[in-house]
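File shown: input-v8.pdb (PDB, C-alpha atoms and all ligand atoms).
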ATOM      1  CA  MET A   1     -40.141 -12.327  42.003
ATOM      2  CA  PHE A   2     -36.380 -12.402  41.506
ATOM      3  CA  ARG A   3     -35.691 -13.266  45.170
ATOM      4  CA  LEU A   4     -32.216 -14.575  45.988
ATOM      5  CA  ASP A   5     -32.773 -15.846  49.520
ATOM      6  CA  GLY A   6     -30.196 -18.433  50.570
ATOM      7  CA  ARG A   7     -27.852 -17.582  47.700
ATOM      8  CA  ILE A   8     -24.201 -16.673  48.242
ATOM      9  CA  ALA A   9     -23.080 -13.985  45.787
ATOM     10  CA  LEU A  10     -19.561 -12.737  45.103
ATOM     11  CA  VAL A  11     -19.254  -9.350  43.401
ATOM     12  CA  THR A  12     -15.770  -8.354  42.237
ATOM     13  CA  GLY A  13     -14.908  -4.684  42.459
ATOM     14  CA  GLY A  14     -17.873  -4.328  44.791
ATOM     15  CA  SER A  15     -16.723  -1.350  46.818
ATOM     16  CA  ARG A  16     -17.936   1.387  44.480
ATOM     17  CA  GLY A  17     -19.760   2.281  41.279
ATOM     18  CA  ILE A  18     -21.654  -0.425  39.441
ATOM     19  CA  GLY A  19     -20.188  -3.132  41.691
ATOM     20  CA  ARG A  20     -21.479  -1.414  44.802
ATOM     21  CA  SER A  21     -24.962  -1.120  43.308
ATOM     22  CA  CYS A  22     -24.865  -4.805  42.373
ATOM     23  CA  CYS A  23     -23.956  -5.687  45.971
ATOM     24  CA  GLU A  24     -26.827  -3.602  47.297
ATOM     25  CA  ALA A  25     -29.324  -4.964  44.768
ATOM     26  CA  LEU A  26     -28.422  -8.602  45.437
ATOM     27  CA  GLY A  27     -28.431  -7.971  49.192
ATOM     28  CA  ALA A  28     -31.887  -6.409  48.962
ATOM     29  CA  GLN A  29     -33.113  -9.526  47.122
ATOM     30  CA  GLY A  30     -31.968 -11.719  50.013
ATOM     31  CA  ALA A  31     -28.545 -12.972  48.911
ATOM     32  CA  THR A  32     -25.567 -13.036  51.255
ATOM     33  CA  VAL A  33     -23.174 -10.739  49.424
ATOM     34  CA  VAL A  34     -19.397 -11.133  49.472
ATOM     35  CA  VAL A  35     -17.960  -7.761  48.542
ATOM     36  CA  ASN A  36     -14.597  -8.033  46.783
ATOM     37  CA  TYR A  37     -12.238  -5.084  46.859
ATOM     38  CA  VAL A  38      -8.601  -4.594  45.977
ATOM     39  CA  LYS A  39      -7.611  -1.420  47.784
ATOM     40  CA  GLY A  40     -10.810   0.065  49.166
ATOM     41  CA  GLU A  41     -11.351  -2.013  52.302
ATOM     42  CA  ALA A  42     -13.027   0.884  54.133
ATOM     43  CA  ALA A  43     -15.368   1.502  51.184
ATOM     44  CA  ALA A  44     -16.145  -2.228  50.948
ATOM     45  CA  ARG A  45     -16.929  -2.282  54.673
ATOM     46  CA  GLU A  46     -19.317   0.632  54.117
ATOM     47  CA  VAL A  47     -21.113  -1.374  51.423
ATOM     48  CA  ALA A  48     -21.386  -4.372  53.755
ATOM     49  CA  ASP A  49     -22.689  -2.106  56.541
ATOM     50  CA  ALA A  50     -25.253  -0.538  54.189
ATOM     51  CA  ILE A  51     -26.530  -4.014  53.272
ATOM     52  CA  ALA A  52     -26.663  -5.044  56.952
ATOM     53  CA  ALA A  53     -28.479  -1.819  57.868
ATOM     54  CA  LYS A  54     -31.301  -2.910  55.551
ATOM     55  CA  GLY A  55     -31.466  -6.340  57.181
ATOM     56  CA  GLY A  56     -29.240  -8.107  54.645
ATOM     57  CA  LYS A  57     -26.095 -10.191  55.048
ATOM     58  CA  ALA A  58     -22.642  -9.309  53.731
ATOM     59  CA  ASP A  59     -19.022 -10.345  54.014
ATOM     60  CA  LEU A  60     -15.750  -9.025  52.576
ATOM     61  CA  ALA A  61     -13.063 -10.651  50.408
ATOM     62  CA  GLY A  62     -10.013  -8.587  49.524
ATOM     63  CA  PHE A  63      -8.059  -9.790  46.503
ATOM     64  CA  ASP A  64      -6.654  -8.562  43.204
ATOM     65  CA  VAL A  65      -8.479 -10.304  40.353
ATOM     66  CA  ALA A  66      -5.319 -10.074  38.243
ATOM     67  CA  ASP A  67      -3.495 -12.362  40.693
ATOM     68  CA  SER A  68      -4.891 -15.785  39.911
ATOM     69  CA  LYS A  69      -3.254 -17.431  42.940
ATOM     70  CA  ALA A  70      -4.927 -14.869  45.206
ATOM     71  CA  VAL A  71      -8.215 -15.425  43.339
ATOM     72  CA  ASP A  72      -8.071 -19.190  43.933
ATOM     73  CA  ALA A  73      -7.043 -18.821  47.582
ATOM     74  CA  SER A  74      -9.624 -16.141  48.438
ATOM     75  CA  ILE A  75     -12.481 -17.808  46.622
ATOM     76  CA  GLY A  76     -11.529 -21.048  48.408
ATOM     77  CA  GLU A  77     -11.797 -19.179  51.726
ATOM     78  CA  VAL A  78     -15.197 -17.753  50.771
ATOM     79  CA  VAL A  79     -16.409 -21.281  50.015
ATOM     80  CA  SER A  80     -15.030 -22.495  53.368
ATOM     81  CA  ARG A  81     -16.842 -19.708  55.219
ATOM     82  CA  HIS A  82     -20.168 -19.929  53.381
ATOM     83  CA  GLY A  83     -20.213 -23.486  52.054
ATOM     84  CA  LYS A  84     -20.654 -22.455  48.405
ATOM     85  CA  ILE A  85     -20.856 -19.631  45.889
ATOM     86  CA  ASP A  86     -24.036 -19.528  43.809
ATOM     87  CA  ILE A  87     -23.558 -16.231  42.030
ATOM     88  CA  LEU A  88     -20.548 -14.427  40.584
ATOM     89  CA  ILE A  89     -20.737 -10.916  39.189
ATOM     90  CA  ALA A  90     -17.370 -10.443  37.448
ATOM     91  CA  ASN A  91     -17.572  -6.680  37.539
ATOM     92  CA  ALA A  92     -14.025  -5.532  38.420
ATOM     93  CA  GLY A  93     -12.532  -3.620  35.547
ATOM     94  CA  ILE A  94     -10.370  -0.739  34.489
ATOM     95  CA  ALA A  95     -10.426   1.574  31.502
ATOM     96  CA  ILE A  96      -7.253   2.849  29.875
ATOM     97  CA  ASP A  97      -8.087   4.963  26.860
ATOM     98  CA  GLY A  98      -5.839   6.167  24.074
ATOM     99  CA  LEU A  99      -5.525   6.307  20.332
ATOM    100  CA  LEU A 100      -4.111   3.156  18.752
ATOM    101  CA  LEU A 101      -0.780   4.671  17.787
ATOM    102  CA  ARG A 102      -0.189   5.697  21.405
ATOM    103  CA  LEU A 103      -1.378   2.479  23.013
ATOM    104  CA  LYS A 104       1.404   1.048  25.193
ATOM    105  CA  ASP A 105       2.095  -2.666  25.598
ATOM    106  CA  GLU A 106       1.973  -2.329  29.381
ATOM    107  CA  ASP A 107      -1.475  -0.732  29.195
ATOM    108  CA  LEU A 108      -2.729  -3.538  26.979
ATOM    109  CA  GLU A 109      -1.303  -6.090  29.391
ATOM    110  CA  ARG A 110      -2.895  -4.410  32.424
ATOM    111  CA  LEU A 111      -6.271  -4.190  30.669
ATOM    112  CA  TRP A 112      -6.084  -7.833  29.709
ATOM    113  CA  ALA A 113      -4.886  -8.968  33.151
ATOM    114  CA  ILE A 114      -7.801  -7.357  35.006
ATOM    115  CA  ASN A 115     -10.687  -7.209  32.554
ATOM    116  CA  VAL A 116     -10.249 -10.598  30.882
ATOM    117  CA  ARG A 117      -7.835 -12.872  32.724
ATOM    118  CA  GLY A 118      -9.187 -11.645  36.070
ATOM    119  CA  ALA A 119     -12.814 -12.202  35.125
ATOM    120  CA  ILE A 120     -12.100 -15.675  33.734
ATOM    121  CA  ALA A 121      -9.980 -16.660  36.763
ATOM    122  CA  CYS A 122     -12.862 -15.697  39.071
ATOM    123  CA  ALA A 123     -15.334 -17.653  36.953
ATOM    124  CA  ARG A 124     -13.027 -20.684  36.951
ATOM    125  CA  ALA A 125     -12.590 -20.612  40.728
ATOM    126  CA  ALA A 126     -16.237 -19.890  41.584
ATOM    127  CA  SER A 127     -17.699 -22.358  39.093
ATOM    128  CA  ARG A 128     -16.242 -25.411  40.875
ATOM    129  CA  THR A 129     -18.749 -25.087  43.683
ATOM    130  CA  MET A 130     -21.561 -24.155  41.265
ATOM    131  CA  MET A 131     -20.988 -27.327  39.250
ATOM    132  CA  ARG A 132     -21.125 -29.441  42.393
ATOM    133  CA  ALA A 133     -24.358 -27.739  43.454
ATOM    134  CA  ARG A 134     -25.866 -28.048  39.957
ATOM    135  CA  TRP A 135     -26.898 -24.388  40.211
ATOM    136  CA  GLY A 136     -25.013 -21.237  39.359
ATOM    137  CA  ARG A 137     -25.185 -17.797  37.830
ATOM    138  CA  ILE A 138     -22.173 -16.057  36.300
ATOM    139  CA  VAL A 139     -22.490 -12.514  34.992
ATOM    140  CA  PHE A 140     -19.656 -10.766  33.162
ATOM    141  CA  MET A 141     -19.551  -6.977  32.934
ATOM    142  CA  SER A 142     -18.891  -5.945  29.343
ATOM    143  CA  SER A 143     -19.585  -2.559  27.786
ATOM    144  CA  VAL A 144     -21.435  -1.047  24.845
ATOM    145  CA  VAL A 145     -18.024  -0.412  23.283
ATOM    146  CA  GLY A 146     -17.249  -4.146  23.328
ATOM    147  CA  GLU A 147     -19.956  -4.558  20.688
ATOM    148  CA  MET A 148     -19.869  -1.290  18.759
ATOM    149  CA  GLY A 149     -16.254  -0.130  19.221
ATOM    150  CA  ASN A 150     -15.147   3.378  20.020
ATOM    151  CA  ALA A 151     -12.355   5.538  18.676
ATOM    152  CA  GLY A 152      -9.688   5.835  21.362
ATOM    153  CA  GLN A 153     -10.731   2.669  23.189
ATOM    154  CA  THR A 154      -9.138  -0.133  21.163
ATOM    155  CA  GLY A 155      -7.571  -1.833  24.164
ATOM    156  CA  TYR A 156     -10.541  -1.461  26.513
ATOM    157  CA  ALA A 157     -13.122  -2.392  23.866
ATOM    158  CA  ALA A 158     -11.142  -5.507  22.957
ATOM    159  CA  THR A 159     -11.258  -6.713  26.568
ATOM    160  CA  LYS A 160     -14.986  -6.043  26.769
ATOM    161  CA  ALA A 161     -15.572  -8.017  23.556
ATOM    162  CA  ALA A 162     -13.443 -10.842  24.955
ATOM    163  CA  VAL A 163     -15.657 -11.420  27.973
ATOM    164  CA  ILE A 164     -18.637 -11.914  25.669
ATOM    165  CA  GLY A 165     -16.807 -14.812  24.016
ATOM    166  CA  ALA A 166     -15.871 -16.182  27.425
ATOM    167  CA  ALA A 167     -19.450 -16.010  28.711
ATOM    168  CA  LYS A 168     -20.883 -17.715  25.629
ATOM    169  CA  SER A 169     -18.319 -20.526  25.907
ATOM    170  CA  ILE A 170     -18.998 -21.044  29.609
ATOM    171  CA  ALA A 171     -22.734 -20.972  28.889
ATOM    172  CA  ARG A 172     -22.294 -23.900  26.506
ATOM    173  CA  GLU A 173     -19.818 -25.753  28.717
ATOM    174  CA  TYR A 174     -21.903 -25.566  31.914
ATOM    175  CA  ALA A 175     -25.448 -25.693  30.572
ATOM    176  CA  SER A 176     -25.855 -29.339  31.554
ATOM    177  CA  ARG A 177     -24.939 -28.386  35.148
ATOM    178  CA  ASN A 178     -27.659 -25.743  35.368
ATOM    179  CA  VAL A 179     -25.042 -22.999  35.564
ATOM    180  CA  THR A 180     -25.825 -20.007  33.363
ATOM    181  CA  ALA A 181     -23.322 -17.449  32.089
ATOM    182  CA  ASN A 182     -24.470 -14.118  30.739
ATOM    183  CA  VAL A 183     -23.169 -10.655  30.035
ATOM    184  CA  VAL A 184     -24.401  -7.224  31.002
ATOM    185  CA  ALA A 185     -23.223  -4.536  28.605
ATOM    186  CA  PRO A 186     -23.737  -1.083  30.088
ATOM    187  CA  GLY A 187     -23.703   2.080  28.044
ATOM    188  CA  TYR A 188     -22.482   5.296  29.650
ATOM    189  CA  ILE A 189     -23.114   5.061  33.361
ATOM    190  CA  ASP A 190     -22.429   7.797  35.915
ATOM    191  CA  THR A 191     -19.558   6.407  37.999
ATOM    192  CA  ASP A 192     -15.941   7.298  38.824
ATOM    193  CA  MET A 193     -14.935   5.628  35.547
ATOM    194  CA  THR A 194     -16.828   8.182  33.464
ATOM    195  CA  ALA A 195     -16.369  11.153  35.822
ATOM    196  CA  GLY A 196     -13.604  12.559  33.615
ATOM    197  CA  MET A 197     -15.929  13.198  30.648
ATOM    198  CA  THR A 198     -16.228  16.840  29.664
ATOM    199  CA  ASP A 199     -19.617  18.530  29.273
ATOM    200  CA  ALA A 200     -19.003  18.695  25.518
ATOM    201  CA  GLN A 201     -18.378  14.917  25.420
ATOM    202  CA  LYS A 202     -21.540  14.290  27.447
ATOM    203  CA  GLU A 203     -23.594  16.534  25.163
ATOM    204  CA  GLN A 204     -22.265  14.687  22.126
ATOM    205  CA  LEU A 205     -23.090  11.390  23.752
ATOM    206  CA  MET A 206     -26.682  12.352  24.531
ATOM    207  CA  LYS A 207     -27.289  12.799  20.796
ATOM    208  CA  VAL A 208     -26.767   9.074  20.294
ATOM    209  CA  VAL A 209     -28.661   7.809  23.343
ATOM    210  CA  PRO A 210     -32.362   7.581  22.449
ATOM    211  CA  LEU A 211     -33.406   7.690  26.116
ATOM    212  CA  GLY A 212     -31.527  10.986  26.379
ATOM    213  CA  ARG A 213     -29.703  10.413  29.649
ATOM    214  CA  THR A 214     -26.708   8.630  31.093
ATOM    215  CA  GLY A 215     -27.439   5.456  33.006
ATOM    216  CA  THR A 216     -27.171   4.898  36.727
ATOM    217  CA  ALA A 217     -25.360   2.108  38.516
ATOM    218  CA  ARG A 218     -28.791   1.005  39.759
ATOM    219  CA  ASP A 219     -29.979   0.550  36.157
ATOM    220  CA  VAL A 220     -27.124  -1.911  35.637
ATOM    221  CA  ALA A 221     -27.537  -3.627  38.998
ATOM    222  CA  ALA A 222     -31.205  -4.363  38.300
ATOM    223  CA  ALA A 223     -30.250  -6.219  35.118
ATOM    224  CA  CYS A 224     -27.635  -8.219  37.038
ATOM    225  CA  ALA A 225     -30.082  -9.109  39.794
ATOM    226  CA  TYR A 226     -32.543 -10.409  37.207
ATOM    227  CA  LEU A 227     -29.912 -12.583  35.497
ATOM    228  CA  CYS A 228     -29.000 -14.081  38.894
ATOM    229  CA  SER A 229     -32.560 -15.026  39.763
ATOM    230  CA  GLU A 230     -34.321 -18.372  39.535
ATOM    231  CA  GLU A 231     -36.654 -16.770  36.984
ATOM    232  CA  ALA A 232     -33.738 -16.224  34.561
ATOM    233  CA  GLY A 233     -32.956 -19.948  34.537
ATOM    234  CA  TYR A 234     -33.691 -20.282  30.792
ATOM    235  CA  VAL A 235     -31.449 -17.346  29.858
ATOM    236  CA  THR A 236     -27.827 -18.207  29.108
ATOM    237  CA  GLY A 237     -25.122 -16.988  26.744
ATOM    238  CA  GLN A 238     -26.936 -13.678  26.312
ATOM    239  CA  VAL A 239     -25.833 -10.083  26.288
ATOM    240  CA  LEU A 240     -28.244  -7.857  28.181
ATOM    241  CA  ARG A 241     -27.647  -4.291  27.009
ATOM    242  CA  VAL A 242     -28.323  -1.516  29.493
ATOM    243  CA  ASN A 243     -27.480   1.460  27.329
ATOM    244  CA  GLY A 244     -30.541   3.686  26.851
ATOM    245  CA  GLY A 245     -30.872   2.392  23.292
ATOM    246  CA  MET A 246     -27.429   3.602  22.234
ATOM    247  CA  TYR A 247     -26.694   0.262  20.544
ATOM    248  CA  MET A 248     -29.447  -2.174  19.591
TER     249      MET A 248
HETATM  250  P1  LIG B   1     -15.265   1.989  38.896
HETATM  251  O1  LIG B   1     -13.892   2.394  38.473
HETATM  252  O2  LIG B   1     -16.044   2.865  39.795
HETATM  253  O3  LIG B   1     -15.251   0.536  39.537
HETATM  254  C1  LIG B   1     -14.376  -0.479  39.137
HETATM  255  C2  LIG B   1     -14.180  -1.398  40.313
HETATM  256  O4  LIG B   1     -13.266  -2.438  39.933
HETATM  257  C3  LIG B   1     -13.553  -0.661  41.504
HETATM  258  O5  LIG B   1     -14.203  -1.073  42.682
HETATM  259  C4  LIG B   1     -12.120  -1.155  41.490
HETATM  260  O6  LIG B   1     -11.513  -1.172  42.765
HETATM  261  C5  LIG B   1     -12.319  -2.569  40.961
HETATM  262  N1  LIG B   1     -11.060  -3.119  40.455
HETATM  263  C6  LIG B   1     -10.212  -2.577  39.537
HETATM  264  N2  LIG B   1      -9.142  -3.365  39.406
HETATM  265  C7  LIG B   1      -9.317  -4.415  40.244
HETATM  266  C8  LIG B   1      -8.551  -5.567  40.541
HETATM  267  N3  LIG B   1      -7.366  -5.777  39.956
HETATM  268  N4  LIG B   1      -9.033  -6.450  41.439
HETATM  269  C9  LIG B   1     -10.235  -6.241  42.050
HETATM  270  N5  LIG B   1     -10.991  -5.171  41.809
HETATM  271  C10 LIG B   1     -10.541  -4.269  40.920
HETATM  272  O7  LIG B   1     -16.031   1.753  37.537
HETATM  273  P2  LIG B   1     -17.520   1.292  37.198
HETATM  274  O8  LIG B   1     -18.022   2.266  36.230
HETATM  275  O9  LIG B   1     -18.312   0.968  38.406
HETATM  276  O10 LIG B   1     -17.172  -0.048  36.386
HETATM  277  C11 LIG B   1     -17.551  -1.333  36.782
HETATM  278  C12 LIG B   1     -17.520  -2.255  35.571
HETATM  279  O11 LIG B   1     -18.457  -1.782  34.603
HETATM  280  C13 LIG B   1     -16.171  -2.282  34.857
HETATM  281  O12 LIG B   1     -15.891  -3.603  34.421
HETATM  282  C14 LIG B   1     -16.383  -1.366  33.677
HETATM  283  O13 LIG B   1     -15.530  -1.676  32.610
HETATM  284  C15 LIG B   1     -17.828  -1.637  33.354
HETATM  285  N6  LIG B   1     -18.502  -0.572  32.608
HETATM  286  C16 LIG B   1     -18.646   0.680  33.102
HETATM  287  C17 LIG B   1     -19.285   1.649  32.337
HETATM  288  C18 LIG B   1     -19.501   3.053  32.818
HETATM  289  O14 LIG B   1     -19.990   3.873  32.017
HETATM  290  N7  LIG B   1     -19.201   3.412  34.034
HETATM  291  C19 LIG B   1     -19.779   1.315  31.083
HETATM  292  C20 LIG B   1     -19.613   0.038  30.603
HETATM  293  C21 LIG B   1     -18.980  -0.900  31.372
END
Let me see the structure of the file written as structure tokens.
Amino acid sequence: MFRLDGRIALVTGGSRGIGRSCCEALGAQGATVVVNYVKGEAAAREVADAIAAKGGKADLAGFDVADSKAVDASIGEVVSRHGKIDILIANAGIAIDGLLLRLKDEDLERLWAINVRGAIACARAASRTMMRARWGRIVFMSSVVGEMGNAGQTGYAATKAAVIGAAKSIAREYASRNVTANVVAPGYIDTDMTAGMTDAQKEQLMKVVPLGRTGTARDVAAACAYLCSEEAGYVTGQVLRVNGGMYM
């Protein structure tokens, strides 16, 4: 079940963390994985090599999701090389935290440019080929805080709520073309993004996570792989929460 043989999958921000796990999970299911990176070419190459070492197929695409011209050009090149894109995991994202009164305009703009505009630009570019093929899977990476909010994360949480609205709209717009759009909303996952948490913060957090642990990038990747499968063909416009029960 959940095989992805013959599918071409683009994962943004695929060189580390959750993105890397998504690349590896999709590769293991048989997809040809295009690993997007912005600065970490060597790390992205390592991901591609790890997929190849397990008998999978991978390719690289370096571009900044916040640069919509680069997004269009690079996604166009991916389509020229592989003939199509069936799957997009719009995973690339940044977190800039801070209390509301200290939130800077430039931080808000950067958050918006990458987390929202970037994700939508990738979906717009990749969906052209999906519509033609009458098959596609788009997965946006949100966050538990996009649904429940979090003190000190007004800017970040707003961007993560925004992609839920985007996914639901695309789900409605493309349903007749057999292209689904869904959201994965991780809770607290052990990656570079959360590496700065203090032990006290982690302890506090565990009190509100019924499963009593932080999540792994593999936990999130498994949910993404499912949403990209043939078997998830009747699932669209949904938010799949991978958060240990922190928000239900
Ligand atoms: P991470 O910082 O390890 O990875 C983020 C990836 O996005 C990196 O590969 C980075 O290079 C890439 N990226 C950033 N800006 C980019 C740009 N302009 N163009 C292309 N790529 C860019 O963090 P992560 O924890 O793996 O996060 C992945 C996604 O999951 C993010 O969207 C994040 O908001 C979301 N998320 C993470 C957590 C968590 O607890 N770690 C929880 C909820 C949601």
Nearest to ligand LIG 1 (chain B) by atom-to-atom distance, counting only C-alpha atoms and all ligand atoms, from A:Ala92, A:Met148, A:Ile8, A:Met197: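 So, comparing all the options, the nearest one is A:Ala92.
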Residues matched by the PyMOL selection byres (((not hetatm)) within 8 of (chain B and resi 1)), written as number ranges by chain: A: 12-20, 36-40, 62-67, 90-95, 113-115, 118, 141-145, 156, 160, 185-194, 215, 217
Between CA of Val71 in chain A and CA of Ala222 in chain A, distance in Å (one decimal): 26.0 Å
Å distance separating CA of Asp59 in chain A from CA of Thr236 in chain A, one decimal place: 27.6 Å
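Relative to CA of Val11 in chain A, CA of Ala44 in chain A is found at 10.8 Å.
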The PyMOL selection byres (((chain A and resi 55) around 12) and not hetatm) applied to the shown file, residues as an MDAnalysis selection string: chainID A and resid 24 27:32 48:54 56:58
Print the selection's residues with C-alpha atoms to a file, as a PDB file, keeping the file's coordinate frame.
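selection-v8.pdb written:
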ATOM      1  CA  GLU A  24     -26.827  -3.602  47.297  1.00  0.00           C
ATOM      2  CA  GLY A  27     -28.431  -7.971  49.192  1.00  0.00           C
ATOM      3  CA  ALA A  28     -31.887  -6.409  48.962  1.00  0.00           C
ATOM      4  CA  GLN A  29     -33.113  -9.526  47.122  1.00  0.00           C
ATOM      5  CA  GLY A  30     -31.968 -11.719  50.013  1.00  0.00           C
ATOM      6  CA  ALA A  31     -28.545 -12.972  48.911  1.00  0.00           C
ATOM      7  CA  THR A  32     -25.567 -13.036  51.255  1.00  0.00           C
ATOM      8  CA  ALA A  48     -21.386  -4.372  53.755  1.00  0.00           C
ATOM      9  CA  ASP A  49     -22.689  -2.106  56.541  1.00  0.00           C
ATOM     10  CA  ALA A  50     -25.253  -0.538  54.189  1.00  0.00           C
ATOM     11  CA  ILE A  51     -26.530  -4.014  53.272  1.00  0.00           C
ATOM     12  CA  ALA A  52     -26.663  -5.044  56.952  1.00  0.00           C
ATOM     13  CA  ALA A  53     -28.479  -1.819  57.868  1.00  0.00           C
ATOM     14  CA  LYS A  54     -31.301  -2.910  55.551  1.00  0.00           C
ATOM     15  CA  GLY A  56     -29.240  -8.107  54.645  1.00  0.00           C
ATOM     16  CA  LYS A  57     -26.095 -10.191  55.048  1.00  0.00           C
ATOM     17  CA  ALA A  58     -22.642  -9.309  53.731  1.00  0.00           C
TER      18      ALA A  58
END
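Residues in contact with Asn182 in chain A at up to 8 Å, not including ones fewer than 4 positions away on its chain and judged by all atoms listed in the file, are Ile138, Val139, Phe140, Ala167, Lys168, Ala171, Leu227, Val235, Thr236, Gly237, Gln238, Val239 and Leu240 of chain A.
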Mind working out the centre and edge lengths of an axis-aligned box for range 187-193 of chain A, all listed atoms inside, 4 Å added to each side, rounded to one decimal in Å and written as JSON?
{"center_x": -19.3, "center_y": 4.9, "center_z": 33.4, "size_x": 16.8, "size_y": 13.7, "size_z": 18.8}
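Ranking A:Tyr226, A:Met248, A:Arg128, A:Ala121 by their shortest atom-to-atom distance to Ala70 in chain A, with all atoms listed in the file included, puts A:Ala121 first.
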